[in-house]
>>> print(open('upload.cif').read())   # mmCIF, C-alpha atoms
data_data
#
loop_
_atom_site.label_atom_id
_atom_site.label_comp_id
_atom_site.auth_asym_id
_atom_site.auth_seq_id
_atom_site.Cartn_x
_atom_site.Cartn_y
_atom_site.Cartn_z
CA MET A 22 238.52 76.16 -94.25
CA ASN A 23 235.43 74.86 -92.42
CA GLN A 24 235.29 78.13 -90.53
CA ASP A 25 235.10 80.05 -93.83
CA ILE A 26 232.22 77.90 -95.02
CA HIS A 27 230.50 78.44 -91.68
CA LYS A 28 230.92 82.25 -91.98
CA LEU A 29 229.62 82.22 -95.54
CA LEU A 30 226.57 80.17 -94.63
CA ARG A 31 225.84 82.36 -91.61
CA LEU A 32 225.04 85.15 -94.08
CA LYS A 33 221.91 83.26 -95.07
CA ARG A 34 220.33 84.15 -91.72
CA TYR A 35 219.60 87.56 -93.29
CA GLU A 36 217.12 85.96 -95.66
CA HIS A 37 213.94 86.38 -93.70
CA PRO A 38 210.45 87.75 -94.35
CA THR A 39 209.41 91.35 -93.80
CA PRO A 40 208.30 92.36 -90.25
CA ASP A 41 204.59 92.52 -91.15
CA TYR A 42 204.76 88.98 -92.48
CA ILE A 43 203.86 87.33 -89.16
CA GLU A 44 200.58 89.21 -88.72
CA ARG A 45 199.57 88.48 -92.32
CA PHE A 46 200.54 84.87 -91.75
CA LEU A 47 198.37 84.71 -88.63
CA ASP A 48 195.36 86.19 -90.47
CA LYS A 49 195.70 83.54 -93.14
CA PHE A 50 196.17 80.88 -90.47
CA HIS A 51 192.89 81.91 -88.76
CA GLU A 52 191.07 81.84 -92.10
CA ARG A 53 192.33 78.35 -92.67
CA GLN A 54 191.31 77.21 -89.19
CA ARG A 55 187.78 78.46 -89.81
CA ALA A 56 187.63 76.71 -93.18
CA ASP A 57 188.85 73.48 -91.57
CA LEU A 58 186.12 73.71 -88.93
CA LEU A 59 183.43 73.99 -91.59
CA LYS A 60 184.70 70.97 -93.42
CA GLN A 61 183.61 67.52 -92.32
CA PRO A 62 186.51 65.74 -90.66
CA SER A 63 187.92 63.26 -93.09
CA LEU A 64 189.07 59.80 -92.09
CA ALA A 65 192.68 60.98 -92.31
CA SER A 66 192.20 63.84 -89.89
CA LEU A 67 190.18 61.60 -87.58
CA TRP A 68 193.07 59.12 -87.50
CA GLU A 69 195.51 61.99 -86.93
CA ARG A 70 193.47 63.12 -83.91
CA ILE A 71 193.37 59.57 -82.52
CA VAL A 72 197.11 59.16 -82.95
CA SER A 73 197.84 62.55 -81.36
CA ALA A 74 195.56 61.72 -78.44
CA PHE A 75 197.64 58.60 -77.69
CA PRO A 76 201.20 59.60 -78.52
CA ASP A 77 202.70 56.64 -76.68
CA PHE A 78 200.70 54.09 -78.63
CA HIS A 79 202.75 52.27 -81.23
CA VAL A 80 201.57 49.24 -83.12
CA PRO A 81 204.00 46.41 -82.26
CA ARG A 82 206.19 45.36 -85.14
CA LEU A 83 204.79 41.81 -85.33
CA ALA A 84 201.17 42.78 -84.76
CA TYR A 85 200.40 42.96 -88.48
CA ALA A 86 201.85 39.47 -89.02
CA GLY A 87 199.81 38.17 -86.07
CA VAL A 88 196.61 39.67 -87.41
CA ALA A 89 197.32 38.23 -90.88
CA ALA A 90 197.99 34.75 -89.41
CA ALA A 91 194.80 34.91 -87.34
CA ALA A 92 192.84 35.91 -90.44
CA VAL A 93 194.26 32.94 -92.38
CA VAL A 94 193.40 30.49 -89.57
CA PHE A 95 189.92 31.95 -89.20
CA SER A 96 189.29 31.69 -92.96
CA ALA A 97 190.53 28.09 -92.97
CA VAL A 98 188.17 27.15 -90.10
CA ILE A 99 185.20 28.82 -91.81
CA LEU A 100 186.02 27.10 -95.11
CA ALA A 101 186.39 23.68 -93.46
CA THR A 102 183.07 24.06 -91.61
CA HIS A 103 181.34 25.10 -94.81
CA GLN A 104 182.70 22.10 -96.71
CA THR A 105 181.57 19.71 -93.96
CA GLU A 106 178.04 21.08 -94.15
CA THR A 107 177.69 20.95 -97.92
CA ALA A 108 179.62 17.80 -98.84
CA PRO A 109 177.25 14.81 -99.34
CA GLY A 110 178.05 12.12 -96.83
CA PRO A 111 177.58 8.38 -97.40
CA THR A 112 174.07 8.35 -95.86
CA LEU A 113 172.91 11.26 -97.93
CA ALA A 114 174.23 9.64 -101.06
CA LEU A 115 171.89 6.71 -100.52
CA ASN A 116 168.82 8.93 -100.41
CA ALA A 117 169.80 11.31 -103.12
CA PRO A 118 168.44 10.59 -106.60
CA ASN A 119 171.08 9.20 -108.83
CA PRO A 120 171.97 11.50 -111.65
CA THR A 121 171.22 9.68 -114.85
CA VAL A 122 173.06 10.25 -118.02
CA ASN A 123 171.19 9.22 -121.11
CA VAL A 124 173.45 8.19 -123.87
CA MET A 125 171.60 7.70 -127.08
CA PRO A 126 172.67 4.48 -128.79
CA ALA A 127 174.09 4.97 -132.24
CA GLY A 128 171.54 4.44 -134.98
CA ARG A 129 168.46 4.70 -132.73
CA GLY A 130 166.95 8.13 -133.00
CA ASP A 131 163.70 7.26 -131.25
CA VAL A 132 163.70 6.29 -127.61
CA ARG A 133 160.40 5.46 -126.00
CA LEU A 134 159.88 5.02 -122.32
CA PRO A 135 157.58 2.17 -121.22
CA VAL A 136 154.09 3.34 -120.32
CA SER A 137 152.05 1.68 -117.57
CA SER A 138 149.03 -0.31 -118.75
CA ARG A 139 147.03 0.01 -115.51
CA SER A 140 143.71 1.73 -116.10
CA ASP A 141 142.99 2.98 -112.61
CA PHE A 142 145.96 5.38 -112.81
CA PRO A 143 146.45 8.16 -115.27
CA PRO A 144 149.12 7.31 -117.83
CA HIS A 145 152.57 7.50 -116.36
CA TYR A 146 156.04 6.31 -117.09
CA VAL A 147 157.63 3.44 -115.28
CA LEU A 148 161.30 3.60 -114.64
CA GLU A 149 163.19 0.46 -115.45
CA ALA A 150 165.57 0.84 -112.65
CA ARG A 151 164.48 0.36 -109.09
CA PRO A 152 165.37 3.06 -106.61
CA VAL A 153 168.61 2.35 -104.85
CA SER A 154 166.92 2.32 -101.47
CA TYR A 155 164.73 -0.65 -102.52
CA GLU A 156 167.71 -2.88 -102.88
CA SER A 157 168.63 -4.98 -99.95
CA PRO A 158 171.79 -3.59 -98.41
CA TYR A 159 172.96 -7.08 -97.62
CA SER A 160 172.59 -8.87 -100.95
CA PHE A 161 175.44 -11.31 -100.93
CA MET B 4 220.99 83.07 -68.54
CA ALA B 5 219.71 79.79 -67.15
CA GLU B 6 216.97 81.68 -65.34
CA ALA B 7 215.90 83.38 -68.58
CA ALA B 8 215.84 80.03 -70.33
CA GLN B 9 213.76 78.59 -67.49
CA GLN B 10 211.38 81.55 -67.74
CA GLN B 11 211.03 81.02 -71.49
CA GLU B 12 210.33 77.33 -70.96
CA THR B 13 207.70 78.10 -68.34
CA THR B 14 206.06 80.56 -70.72
CA ASP B 15 205.97 77.94 -73.47
CA GLU B 16 204.54 75.39 -71.07
CA ASP B 17 201.91 77.87 -70.01
CA LEU B 18 201.00 78.73 -73.60
CA VAL B 19 200.82 75.06 -74.52
CA ALA B 20 198.62 74.29 -71.49
CA ARG B 21 196.29 77.17 -72.36
CA THR B 22 196.09 75.99 -75.98
CA GLN B 23 195.31 72.47 -74.78
CA ASP B 24 192.50 73.97 -72.69
CA GLY B 25 191.05 75.52 -75.85
CA ASP B 26 192.45 79.07 -75.85
CA PRO B 27 193.38 79.82 -79.48
CA ARG B 28 195.08 83.14 -78.57
CA ALA B 29 197.72 81.20 -76.66
CA PHE B 30 198.56 79.31 -79.81
CA ASP B 31 198.79 82.62 -81.71
CA GLU B 32 201.52 83.61 -79.28
CA LEU B 33 203.39 80.42 -80.03
CA VAL B 34 203.04 81.13 -83.78
CA ARG B 35 204.40 84.68 -83.29
CA LYS B 36 207.29 83.39 -81.28
CA TYR B 37 208.40 80.49 -83.44
CA SER B 38 207.37 81.35 -87.00
CA PRO B 39 210.46 83.49 -87.83
CA ARG B 40 212.82 80.70 -86.79
CA LEU B 41 210.76 78.00 -88.42
CA TYR B 42 210.51 80.14 -91.54
CA GLY B 43 214.31 80.21 -91.72
CA LEU B 44 214.49 76.45 -91.38
CA VAL B 45 211.91 75.75 -94.10
CA TYR B 46 213.14 78.49 -96.44
CA ASN B 47 216.72 77.27 -96.33
CA MET B 48 215.49 73.79 -97.17
CA THR B 49 213.23 74.83 -100.07
CA SER B 50 214.89 78.08 -101.31
CA ASN B 51 211.42 79.29 -102.25
CA HIS B 52 209.29 81.77 -100.31
CA GLU B 53 205.89 80.61 -101.66
CA ASP B 54 206.59 76.98 -100.80
CA THR B 55 207.85 78.09 -97.39
CA ASN B 56 204.69 80.07 -96.71
CA ASP B 57 202.39 77.17 -97.68
CA LEU B 58 204.45 74.67 -95.71
CA LEU B 59 204.48 76.87 -92.64
CA GLN B 60 200.67 77.03 -92.73
CA ASP B 61 200.56 73.22 -92.93
CA ILE B 62 203.08 72.83 -90.11
CA PHE B 63 201.27 75.12 -87.68
CA SER B 64 197.89 73.57 -88.60
CA LYS B 65 199.25 70.11 -87.86
CA ALA B 66 200.82 71.33 -84.62
CA TYR B 67 197.49 72.88 -83.56
CA ARG B 68 195.57 69.69 -84.31
CA SER B 69 198.14 67.53 -82.51
CA ILE B 70 198.87 69.73 -79.51
CA ARG B 71 196.56 67.76 -77.22
CA GLY B 72 198.96 64.86 -77.60
CA PHE B 73 201.99 66.95 -76.59
CA ARG B 74 203.04 65.70 -73.15
CA GLY B 75 206.07 67.92 -72.63
CA LYS B 76 208.68 65.14 -72.83
CA SER B 77 210.73 67.47 -75.05
CA SER B 78 210.53 71.24 -75.31
CA PHE B 79 207.76 72.68 -77.47
CA TYR B 80 210.50 74.13 -79.67
CA THR B 81 211.98 70.67 -80.34
CA TRP B 82 208.52 69.15 -80.88
CA LEU B 83 207.52 71.88 -83.36
CA HIS B 84 210.81 71.65 -85.22
CA THR B 85 210.44 67.88 -85.50
CA ILE B 86 207.02 68.33 -87.13
CA GLY B 87 208.46 71.05 -89.39
CA THR B 88 211.47 68.99 -90.44
CA ASN B 89 209.45 65.86 -91.23
CA MET B 90 206.85 67.78 -93.24
CA THR B 91 209.51 69.71 -95.15
CA ILE B 92 211.47 66.58 -96.05
CA ASN B 93 208.24 64.86 -97.20
CA PHE B 94 207.42 67.92 -99.29
CA LEU B 95 210.86 67.94 -100.89
CA LYS B 96 210.57 64.26 -101.78
CA LYS B 97 207.35 65.00 -103.68
CA ARG B 98 208.43 68.27 -105.26
CA SER B 99 209.62 68.07 -108.82
CA ARG B 100 213.14 69.12 -109.61
CA ASN B 101 211.88 71.99 -111.79
CA HIS B 102 211.38 74.57 -109.11
CA HIS B 103 212.53 78.14 -108.97
CA MET B 104 214.50 79.86 -106.23
CA SER B 105 213.26 83.06 -104.65
CA LEU B 106 216.01 85.61 -104.43
CA ASP B 107 214.31 88.60 -102.89
CA ASP B 108 213.66 89.48 -99.25
CA VAL B 109 217.29 89.64 -98.20
CA ASP B 110 217.64 91.90 -95.21
CA GLY B 111 219.74 94.94 -96.18
CA ASN B 112 221.64 94.59 -92.90
CA VAL B 113 223.66 91.81 -94.47
CA GLN B 114 225.74 94.45 -96.26
CA ARG B 115 226.84 95.87 -92.92
CA ASP B 116 227.66 92.44 -91.51
CA PRO B 117 231.41 92.26 -90.76
CA GLU B 118 231.56 88.73 -92.10
CA PHE B 119 229.99 89.81 -95.37
CA ILE B 120 232.39 92.77 -95.66
CA GLU B 121 235.33 90.55 -94.87
CA LEU B 122 234.27 87.92 -97.37
CA THR B 123 233.50 90.26 -100.22
CA SER B 124 235.85 93.23 -99.97
CA GLY B 125 238.48 92.46 -97.35
CA PRO B 126 242.17 92.13 -98.22
CA ASP B 127 241.83 88.32 -98.39
CA ALA B 128 238.72 88.33 -100.58
CA ARG B 129 239.23 86.24 -103.67
CA ARG B 130 236.92 88.44 -105.75
CA GLU B 131 234.28 91.11 -105.36
CA VAL B 132 230.72 89.87 -105.44
CA ASN B 133 227.38 91.55 -105.19
CA LEU B 134 224.74 90.46 -102.74
CA LYS B 135 222.39 88.89 -105.28
CA GLU B 136 225.15 86.83 -106.83
CA LEU B 137 226.33 85.59 -103.47
CA GLN B 138 222.79 84.70 -102.42
CA GLN B 139 222.20 82.85 -105.66
CA ARG B 140 225.42 80.89 -105.39
CA LEU B 141 224.78 80.02 -101.76
CA ASN B 142 221.27 78.80 -102.57
CA GLU B 143 222.49 76.80 -105.55
CA ALA B 144 225.19 75.20 -103.43
CA MET B 145 222.67 74.35 -100.71
CA MET B 146 220.27 72.80 -103.22
CA LYS B 147 223.05 70.52 -104.48
CA LEU B 148 223.21 68.87 -101.07
CA SER B 149 220.94 65.95 -100.24
CA ASN B 150 217.96 66.73 -97.96
CA GLU B 151 219.59 65.12 -94.94
CA HIS B 152 222.83 67.05 -95.39
CA ARG B 153 221.04 70.34 -96.11
CA ILE B 154 218.96 70.09 -92.97
CA VAL B 155 221.97 69.73 -90.68
CA VAL B 156 223.76 72.61 -92.42
CA THR B 157 220.64 74.78 -92.05
CA MET B 158 220.26 73.96 -88.38
CA PHE B 159 223.93 74.22 -87.43
CA ASP B 160 225.51 76.83 -89.70
CA ILE B 161 222.56 79.10 -90.39
CA GLN B 162 220.37 78.75 -87.31
CA GLY B 163 223.17 78.12 -84.83
CA MET B 164 221.62 75.10 -83.13
CA PRO B 165 223.91 72.86 -81.04
CA HIS B 166 224.65 69.33 -82.25
CA ALA B 167 222.65 67.73 -79.43
CA GLU B 168 219.52 69.70 -80.27
CA ILE B 169 219.81 68.82 -83.96
CA GLY B 170 220.20 65.16 -83.03
CA LYS B 171 217.04 65.29 -80.90
CA ILE B 172 214.97 66.94 -83.61
CA LEU B 173 216.13 64.59 -86.36
CA GLY B 174 216.18 61.49 -84.16
CA ILE B 175 219.86 60.75 -84.87
CA SER B 176 222.99 60.62 -82.73
CA GLU B 177 225.33 63.57 -82.25
CA GLY B 178 228.03 61.59 -84.03
CA THR B 179 225.81 61.25 -87.09
CA VAL B 180 225.11 64.99 -87.00
CA ARG B 181 228.85 65.71 -86.95
CA SER B 182 229.66 63.30 -89.75
CA ARG B 183 226.87 64.69 -91.95
CA LEU B 184 228.15 68.21 -91.30
CA PHE B 185 231.68 67.20 -92.17
CA TYR B 186 230.59 65.64 -95.45
CA ALA B 187 228.28 68.58 -96.31
CA HIS B 188 231.02 71.16 -95.62
CA ARG B 189 233.41 69.27 -97.84
CA GLN B 190 230.88 69.32 -100.69
CA LEU B 191 230.11 73.01 -100.15
CA GLN B 192 233.82 73.85 -100.29
CA ASN B 193 233.91 72.54 -103.83
CA TYR B 194 230.82 74.48 -104.90
CA LEU B 195 231.86 77.75 -103.24
CA GLN B 196 235.61 77.63 -103.79
CA GLU B 197 235.74 81.04 -105.48
CA PHE B 198 234.27 82.80 -102.42
CA LEU B 199 236.63 81.23 -99.92
CA THR B 200 239.93 82.74 -98.88
CA ALA B 201 243.06 80.86 -99.90
#
>>> encode(input="upload.cif", output="structure tokens")
Amino acid sequence: MNQDIHKLLRLKRYEHPTPDYIERFLDKFHERQRADLLKQPSLASLWERIVSAFPDFHVPRLAYAGVAAAAVVFSAVILATHQTETAPGPTLALNAPNPTVNVMPAGRGDVRLPVSSRSDFPPHYVLEARPVSYESPYSF
Amino acid sequence: MAEAAQQQETTDEDLVARTQDGDPRAFDELVRKYSPRLYGLVYNMTSNHEDTNDLLQDIFSKAYRSIRGFRGKSSFYTWLHTIGTNMTINFLKKRSRNHHMSLDDVDGNVQRDPEFIELTSGPDARREVNLKELQQRLNEAMMKLSNEHRIVVTMFDIQGMPHAEIGKILGISEGTVRSRLFYAHRQLQNYLQEFLTA
């Protein structure tokens, strides 16, 4: 039975192009080659040329995972370094001006800051609170 | 026979070397030599002459661009057929199911083929068929096979390649080639029952 199928399928070898097909095919092939030369090589064809130039080169199976892991570690190091540089340390906190939050007491719409009475200075406001750095660090 | 094969291989090697050195006429010779066989392979996979023509242009273009990387570990024939097979299978995966079959271009010699005469008008013939009908039914039966079964049938039954060569081109073992052929033949028997002798 298999032999009959084989004989039947062998008849398909008669389905082939006309004898002048090959020369017409070659003409078209040359046209296409010329058109390809005129076109700028795309990234895909560049990669294809690189791959064909090194047929034995295969990216190892775990290389992508390795590269991804290295990228994660590198990002983590960069992030950690950045945070160390920008985070205010204890010394910096002492020198930095304290952010003040003014909460208006209920029922008092008018808040006036004390004004200095000294005449040799132009009018200026005096803050009630002393700067933090003026306080003795060892006030027991 | 072996000497002729050796001569052919040397010629291919020479043509490949000349192409690698930048002689495009050498590649033309390779196209002349292998396009009829490659045409048969692609046509029997697609059942469409236009698709076959376009694909063949793509296959030879790719082969030309990649030929510098060909190191001669396999024969040029195997290398070219591997490119052709991969590109054809990729094409078939993308092609929609609504395609038409080309049914012209059958060589008239088929009607003088003893196998055709035996199958269609011999004493054991189940029924008389005309050429067009037989071609259509064969193509329909082929297109019902999966791509991987159709390719082994094309290579073995139609193109007469040995199992080992098919295995090399497709990157599978000889055992897998045989089992795919067995399964494909069994399916084809069902589709083509009326043309087979009892």
>>> closest_residue(input="upload.cif", among="B:Arg35, B:Arg140, B:Lys171, B:His84", to="chain A", atoms="all atoms listed in the file")
B:Arg35
>>> residues_around(input="upload.cif", residues="segment 187-198 of chain B", least_positions_apart="2", cutoff="7 Å", atoms="only C-alpha atoms", output="tab-separated table (two decimals) with C-alpha atoms, in the coordinates of the input")
chain	number	residue	atom	x	y	z
A	23	ASN	CA	235.43	74.86	-92.42
A	26	ILE	CA	232.22	77.90	-95.02
B	129	ARG	CA	239.23	86.24	-103.67
B	144	ALA	CA	225.19	75.20	-103.43
B	148	LEU	CA	223.21	68.87	-101.07
B	152	HIS	CA	222.83	67.05	-95.39
B	183	ARG	CA	226.87	64.69	-91.95
B	184	LEU	CA	228.15	68.21	-91.30
B	185	PHE	CA	231.68	67.20	-92.17
B	200	THR	CA	239.93	82.74	-98.88
>>> atom_distance(input="upload.cif", atom1="atom CA of Phe94 of chain B", atom2="atom CA of Asp54 of chain B")
9.2 Å
>>> atom_distance(input="upload.cif", atom1="atom CA of Phe73 of chain B", atom2="atom CA of Leu59 of chain A")
24.9 Å
>>> resolve_selection(input="upload.cif", expression="the PyMOL selection byres ((chain B and resi 27) around 12)", output="PDB file with C-alpha atoms, in the coordinates of the input")
ATOM      1  CA  LEU A  47     198.370  84.710 -88.630  1.00  0.00           C
ATOM      2  CA  PHE A  50     196.170  80.880 -90.470  1.00  0.00           C
ATOM      3  CA  HIS A  51     192.890  81.910 -88.760  1.00  0.00           C
ATOM      4  CA  GLN A  54     191.310  77.210 -89.190  1.00  0.00           C
ATOM      5  CA  ARG A  55     187.780  78.460 -89.810  1.00  0.00           C
TER       6      ARG A  55
ATOM      7  CA  LEU B  18     201.000  78.730 -73.600  1.00  0.00           C
ATOM      8  CA  VAL B  19     200.820  75.060 -74.520  1.00  0.00           C
ATOM      9  CA  ALA B  20     198.620  74.290 -71.490  1.00  0.00           C
ATOM     10  CA  ARG B  21     196.290  77.170 -72.360  1.00  0.00           C
ATOM     11  CA  THR B  22     196.090  75.990 -75.980  1.00  0.00           C
ATOM     12  CA  GLN B  23     195.310  72.470 -74.780  1.00  0.00           C
ATOM     13  CA  ASP B  24     192.500  73.970 -72.690  1.00  0.00           C
ATOM     14  CA  GLY B  25     191.050  75.520 -75.850  1.00  0.00           C
ATOM     15  CA  ASP B  26     192.450  79.070 -75.850  1.00  0.00           C
ATOM     16  CA  ARG B  28     195.080  83.140 -78.570  1.00  0.00           C
ATOM     17  CA  ALA B  29     197.720  81.200 -76.660  1.00  0.00           C
ATOM     18  CA  PHE B  30     198.560  79.310 -79.810  1.00  0.00           C
ATOM     19  CA  ASP B  31     198.790  82.620 -81.710  1.00  0.00           C
ATOM     20  CA  GLU B  32     201.520  83.610 -79.280  1.00  0.00           C
ATOM     21  CA  LEU B  33     203.390  80.420 -80.030  1.00  0.00           C
ATOM     22  CA  VAL B  34     203.040  81.130 -83.780  1.00  0.00           C
ATOM     23  CA  SER B  64     197.890  73.570 -88.600  1.00  0.00           C
ATOM     24  CA  TYR B  67     197.490  72.880 -83.560  1.00  0.00           C
ATOM     25  CA  ARG B  68     195.570  69.690 -84.310  1.00  0.00           C
ATOM     26  CA  ILE B  70     198.870  69.730 -79.510  1.00  0.00           C
TER      27      ILE B  70
END
>>> resolve_selection(input="upload.cif", expression="the PyMOL selection byres ((chain B and resi 93) around 12)", output="list in words")
Val45, Met48, Thr49, Leu58, Ile62, Ile86, Gly87, Thr88, Asn89, Met90, Thr91, Ile92, Phe94, Leu95, Lys96, Lys97, Arg98, Asn150 and Glu151 of chain B
>>> closest_residue(input="upload.cif", among="B:Asp160, B:Gly75, B:Arg153, B:Tyr37", to="chain A", atoms="only C-alpha atoms")
B:Asp160
>>> closest_residue(input="upload.cif", among="B:Gln162, B:Gln139, B:Ser78, B:Ser182", to="chain A", atoms="only C-alpha atoms")
B:Gln162
>>> atom_distance(input="upload.cif", atom1="atom CA of Lys28 of chain A", atom2="atom CA of Ser38 of chain B")
24.1 Å
>>> decode(input="upload.cif", residues="segment 26-43 of chain A", atoms="N, CA and C atoms", output="tab-separated table (two decimals), in the first residue's frame")
chain	number	residue	atom	x	y	z
A	26	ILE	N	1.23	4.59	-2.72
A	26	ILE	CA	1.26	6.02	-2.35
A	26	ILE	C	2.53	6.66	-2.90
A	27	HIS	N	3.62	5.93	-2.75
A	27	HIS	CA	4.92	6.44	-3.23
A	27	HIS	C	4.86	6.68	-4.74
A	28	LYS	N	4.29	5.70	-5.49
A	28	LYS	CA	4.19	5.83	-6.96
A	28	LYS	C	3.31	7.02	-7.34
A	29	LEU	N	2.23	7.17	-6.61
A	29	LEU	CA	1.29	8.27	-6.89
A	29	LEU	C	1.97	9.63	-6.67
A	30	LEU	N	2.68	9.71	-5.55
A	30	LEU	CA	3.34	10.99	-5.22
A	30	LEU	C	4.49	11.30	-6.18
A	31	ARG	N	5.12	10.24	-6.69
A	31	ARG	CA	6.24	10.45	-7.62
A	31	ARG	C	5.78	11.21	-8.86
A	32	LEU	N	4.49	11.12	-9.16
A	32	LEU	CA	3.96	11.82	-10.36
A	32	LEU	C	4.07	13.34	-10.20
A	33	LYS	N	4.16	13.79	-8.98
A	33	LYS	CA	4.24	15.23	-8.76
A	33	LYS	C	5.57	15.82	-9.23
A	34	ARG	N	6.55	14.95	-9.52
A	34	ARG	CA	7.83	15.49	-9.98
A	34	ARG	C	7.70	16.11	-11.38
A	35	TYR	N	6.55	15.83	-12.05
A	35	TYR	CA	6.33	16.43	-13.37
A	35	TYR	C	5.84	17.88	-13.27
A	36	GLU	N	5.53	18.31	-12.08
A	36	GLU	CA	5.08	19.70	-11.92
A	36	GLU	C	6.31	20.57	-11.77
A	37	HIS	N	6.78	21.09	-12.85
A	37	HIS	CA	7.96	21.97	-12.77
A	37	HIS	C	7.80	23.12	-13.76
A	38	PRO	N	8.57	24.18	-13.59
A	38	PRO	CA	8.41	25.34	-14.47
A	38	PRO	C	8.93	25.08	-15.88
A	39	THR	N	8.56	25.97	-16.79
A	39	THR	CA	8.98	25.83	-18.19
A	39	THR	C	10.50	26.02	-18.31
A	40	PRO	N	11.13	25.50	-19.38
A	40	PRO	CA	12.59	25.57	-19.48
A	40	PRO	C	13.17	26.99	-19.46
A	41	ASP	N	12.43	27.97	-19.99
A	41	ASP	CA	12.99	29.34	-19.98
A	41	ASP	C	12.82	30.03	-18.62
A	42	TYR	N	12.23	29.32	-17.69
A	42	TYR	CA	11.97	29.92	-16.38
A	42	TYR	C	13.28	30.36	-15.69
A	43	ILE	N	14.30	29.50	-15.77
A	43	ILE	CA	15.52	29.76	-15.01
A	43	ILE	C	16.20	31.06	-15.45
